[in-house]
Amino acid sequence: MLNLSEKQQQIVDFTDGALLVKAGPGSGKTRVLIERIKKLLLTNKRSKILALTFSNLAAEEMKNRLLEDQAVEDYIENVNVGTIHSFCLDIVQSRGNLIGLGTELVLFENNDDRKKMLADIFLKDSELLRLLKSKEKPEVFLNECLELISEQKKNFVSPEVYDGNEAFKEIYIEYNEYLKKQNAIDFDDILFYAYRILTENPNVTKMYTSIYKFICVDEAQDLNFAQYEVIRALCGETFNNIMLVGDENQSIYGFNGSDSNLMSKTFVSNFQPTVYVLNENFRSAKSIVRFANTLEESDSVSNYFYEGELSAHELQDEEEEALFIIKNFKTLMENGHSDIDHPLDFEDFAIIARNRYVLNKVEDKLKDEGIPYYFKKSSSGIEIESEFIKVFDLSLRLLINCKDIIHLRELCKIVKVDVPDTSNSCSGMELLELILKSESHKVIIEELKKFDEVNFEFGKTLKAVADFVENSTEFQEEEKYLIFNDIEMWQKHWSKYIMQVEREYRSAISFRSYIALGKTQDISNDKGVSLLTAHMSKGLQYEVVFVIGLSEGTFPDYRAVRANGKEMEQEKNNMFVAVTRAKRICFLTYPKVKVMPWGDKKNQQASRFIKGLEIRTI
């Protein structure tokens, strides 16, 4: 077993009873969870353990880390590692008959399939059909019904106990019956039906708690209401050998209703667990976590093995900011650091920014110096930072495929209009003319109308859009900055595309396919200094981190500043994550002046996140 601190060892040795491990960055929470599972396997050789995570990737990583230890390989079959949804789906498919479901259930996860079912329900009932026809936009009404059904299921409200609109109650009942007749369930049913099976059949709960002597839940700060209630139901009235591990400050995604209070308050109230707070940091140095804690107004970690270094710097402009990074990189590569016990390599460094375009000048300097670097990207073919170009991209998708309901809804959500009725056959351009009504979006309509699949020249379209934005007064400076950089990125993809495809074979569909397949991406060997956005950095660790572009309106993002509320809390979490990627050294920088793509110079203020620090002027 690996060397553990005294407190970590106490958690690993913990046997019976409820356990809550609250841990800050670098405190080894996942390591402790893995080591405790190993200890339970070796000391309870006939007992099974259920380990629940939130993604297939996390589950696979946990399995691999367990398999690395030969001491437990003979008992590895006693651990069931998986996502909460996969475990619940198994319950529903194997025990659904107990609540009136059929065997060999089929999962309808596709929203179009659900909509078709709902349309059939209305067609078969004269009263419901009359209701549908009375709506000005029947298609929108169907979508609203599906969203409301989903909302009720996520809150475990069955149609029988729903006490709202009577017409909707009937629709909800018929929808569920229609699914049952097809021996099907939808995605929202997985947790709801698993919860019902467990709460309505105590013998099933007893069976699971007799099979699994211990339940462990990783990243518990991300639990939502339905997930928590299923786990609670699984434990029944008497089972108490449950372990939750998490960090309230480590979630940067507010989707799916996740609420860290379910871990830190509700679980404590329901199970009265023994609570451990891991306040030793094995990854990040004192100076780094001390600053990170000011962002979250907490002090989750108080004991450190390294002092480390964190400093804030004001540079004249982005050129000077990039040169500052190169200078410090070279110094550390040559001389090392007293808190780092090995020679530094390229892979020990990361440069993190709020959006990818802040990294442009640094990329140029790294190229000039011959320093290998790797820009970590998402799996999608193209990344867009501005809302305007997102609208442009979605419009292009709909022009190519007017039946693309997924991107149609996404576009309508951005521009804040109802999803138009697409039941009657219409072209992509007809859809766009129904949706894009604002003055700023008229250029998109005008330019896409000029599309000629026989002589496809996307470069001209990009130039026309850029000219419009440059001369428009409708965009804030920061939005224009992102738009121009997005257009430049599109132009790079287009340039790579036309180098590979002869003129007569170019088309919008072909262009998008090349992007999706990665054929227009820069070739990278995935080695060297890491360049990342804050969102892409979660879960990664580096000896030295530069968090750059820390000016008000950039980090925090101007849209979050404008919206305030939850958006600003999200920005704080983004900053927390970015800083805590550093194990030993963290440089925080911002340029006083930013040169905009159209040539103007913008004076900048230091980000609110670093105003409490002594900012060194270079």
# chains A, B, ... in the order shown; residues from 1 in each chain; ligands from 1
>>> residues_around(residues="His535 of chain A", least_positions_apart="4", cutoff="9 Å", atoms="only C-alpha atoms", output="list in words")
Ile252, Arg354, Asn355, Asn574, Val577 and Ala578 of chain A
>>> residues_around(residues="segment 144-159 of chain A", least_positions_apart="4", cutoff="12 Å", atoms="only C-alpha atoms", output="count of residues only")
59
>>> select_by_dssp(residues="segment 409-540 of chain A", states="strand (DSSP E)", output="list in words")
Val529, Ser530, Leu531, Leu532 and Thr533 of chain A
>>> residues_around(residues="segment 77-84 of chain A", least_positions_apart="4", cutoff="12 Å", atoms="only C-alpha atoms", output="count of residues only")
60
>>> residues_around(residues="Asn183 of chain A", least_positions_apart="4", cutoff="8 Å", atoms="only C-alpha atoms", output="ChimeraX atom specification")
/A:101-106,179
>>> write_last_selection(atoms="N, CA, C and O atoms", output="PDB file, in the first residue's frame")
ATOM      1  N   LEU A 101     -43.972  -3.182 -14.870  1.00  0.00           N
ATOM      2  CA  LEU A 101     -43.270  -3.054 -16.141  1.00  0.00           C
ATOM      3  C   LEU A 101     -43.046  -4.426 -16.747  1.00  0.00           C
ATOM      4  O   LEU A 101     -42.983  -5.435 -16.029  1.00  0.00           O
ATOM      5  N   GLY A 102     -42.887  -4.478 -18.068  1.00  0.00           N
ATOM      6  CA  GLY A 102     -42.652  -5.745 -18.744  1.00  0.00           C
ATOM      7  C   GLY A 102     -41.188  -6.161 -18.673  1.00  0.00           C
ATOM      8  O   GLY A 102     -40.339  -5.447 -18.137  1.00  0.00           O
ATOM      9  N   THR A 103     -40.912  -7.317 -19.200  1.00  0.00           N
ATOM     10  CA  THR A 103     -39.525  -7.794 -19.258  1.00  0.00           C
ATOM     11  C   THR A 103     -38.881  -7.334 -20.561  1.00  0.00           C
ATOM     12  O   THR A 103     -39.570  -6.915 -21.497  1.00  0.00           O
ATOM     13  N   GLU A 104     -37.567  -7.392 -20.621  1.00  0.00           N
ATOM     14  CA  GLU A 104     -36.803  -6.985 -21.801  1.00  0.00           C
ATOM     15  C   GLU A 104     -37.191  -5.587 -22.277  1.00  0.00           C
ATOM     16  O   GLU A 104     -37.526  -5.350 -23.435  1.00  0.00           O
ATOM     17  N   LEU A 105     -37.153  -4.662 -21.338  1.00  0.00           N
ATOM     18  CA  LEU A 105     -37.524  -3.275 -21.625  1.00  0.00           C
ATOM     19  C   LEU A 105     -36.578  -2.634 -22.628  1.00  0.00           C
ATOM     20  O   LEU A 105     -35.377  -2.882 -22.620  1.00  0.00           O
ATOM     21  N   VAL A 106     -37.144  -1.766 -23.465  1.00  0.00           N
ATOM     22  CA  VAL A 106     -36.369  -1.015 -24.448  1.00  0.00           C
ATOM     23  C   VAL A 106     -36.265   0.428 -23.964  1.00  0.00           C
ATOM     24  O   VAL A 106     -37.226   0.991 -23.438  1.00  0.00           O
ATOM     25  N   LEU A 179     -45.797   4.160 -23.404  1.00  0.00           N
ATOM     26  CA  LEU A 179     -44.480   3.549 -23.235  1.00  0.00           C
ATOM     27  C   LEU A 179     -44.621   2.095 -22.781  1.00  0.00           C
ATOM     28  O   LEU A 179     -43.948   1.197 -23.299  1.00  0.00           O
TER      29      LEU A 179
END
>>> closest_residue(among="A:Gln570, A:Ser94, A:Asn603, A:Thr580", to="Val547 of chain A", atoms="only C-alpha atoms")
A:Thr580
>>> residues_around(residues="Glu248 of chain A", least_positions_apart="4", cutoff="8 Å", atoms="only C-alpha atoms", output="number ranges by chain")
A: 22, 221, 260, 264
>>> write_last_selection(atoms="N, CA, C and O atoms", output="PDB file, in the first residue's frame")
ATOM      1  N   LYS A  22     -14.794  14.974   3.113  1.00  0.00           N
ATOM      2  CA  LYS A  22     -14.781  16.267   2.431  1.00  0.00           C
ATOM      3  C   LYS A  22     -13.321  16.646   2.228  1.00  0.00           C
ATOM      4  O   LYS A  22     -12.541  16.664   3.180  1.00  0.00           O
ATOM      5  N   GLN A 221     -20.244  15.693  -4.578  1.00  0.00           N
ATOM      6  CA  GLN A 221     -20.724  17.067  -4.666  1.00  0.00           C
ATOM      7  C   GLN A 221     -21.592  17.284  -5.897  1.00  0.00           C
ATOM      8  O   GLN A 221     -22.316  18.268  -5.993  1.00  0.00           O
ATOM      9  N   SER A 260     -24.343  20.545  -4.054  1.00  0.00           N
ATOM     10  CA  SER A 260     -23.379  20.029  -3.081  1.00  0.00           C
ATOM     11  C   SER A 260     -23.962  19.935  -1.674  1.00  0.00           C
ATOM     12  O   SER A 260     -23.437  19.211  -0.831  1.00  0.00           O
ATOM     13  N   SER A 264     -23.168  17.652   1.756  1.00  0.00           N
ATOM     14  CA  SER A 264     -22.656  18.261   2.978  1.00  0.00           C
ATOM     15  C   SER A 264     -23.706  18.482   4.060  1.00  0.00           C
ATOM     16  O   SER A 264     -23.364  18.595   5.241  1.00  0.00           O
TER      17      SER A 264
END
>>> closest_residue(among="A:Val469, A:Leu366, A:Met333, A:Ile382", to="Phe484 of chain A", atoms="only C-alpha atoms")
A:Val469
>>> closest_residue(among="A:Thr209, A:Thr331, A:Gln476, A:Ser395", to="Lys442 of chain A", atoms="only C-alpha atoms")
A:Ser395
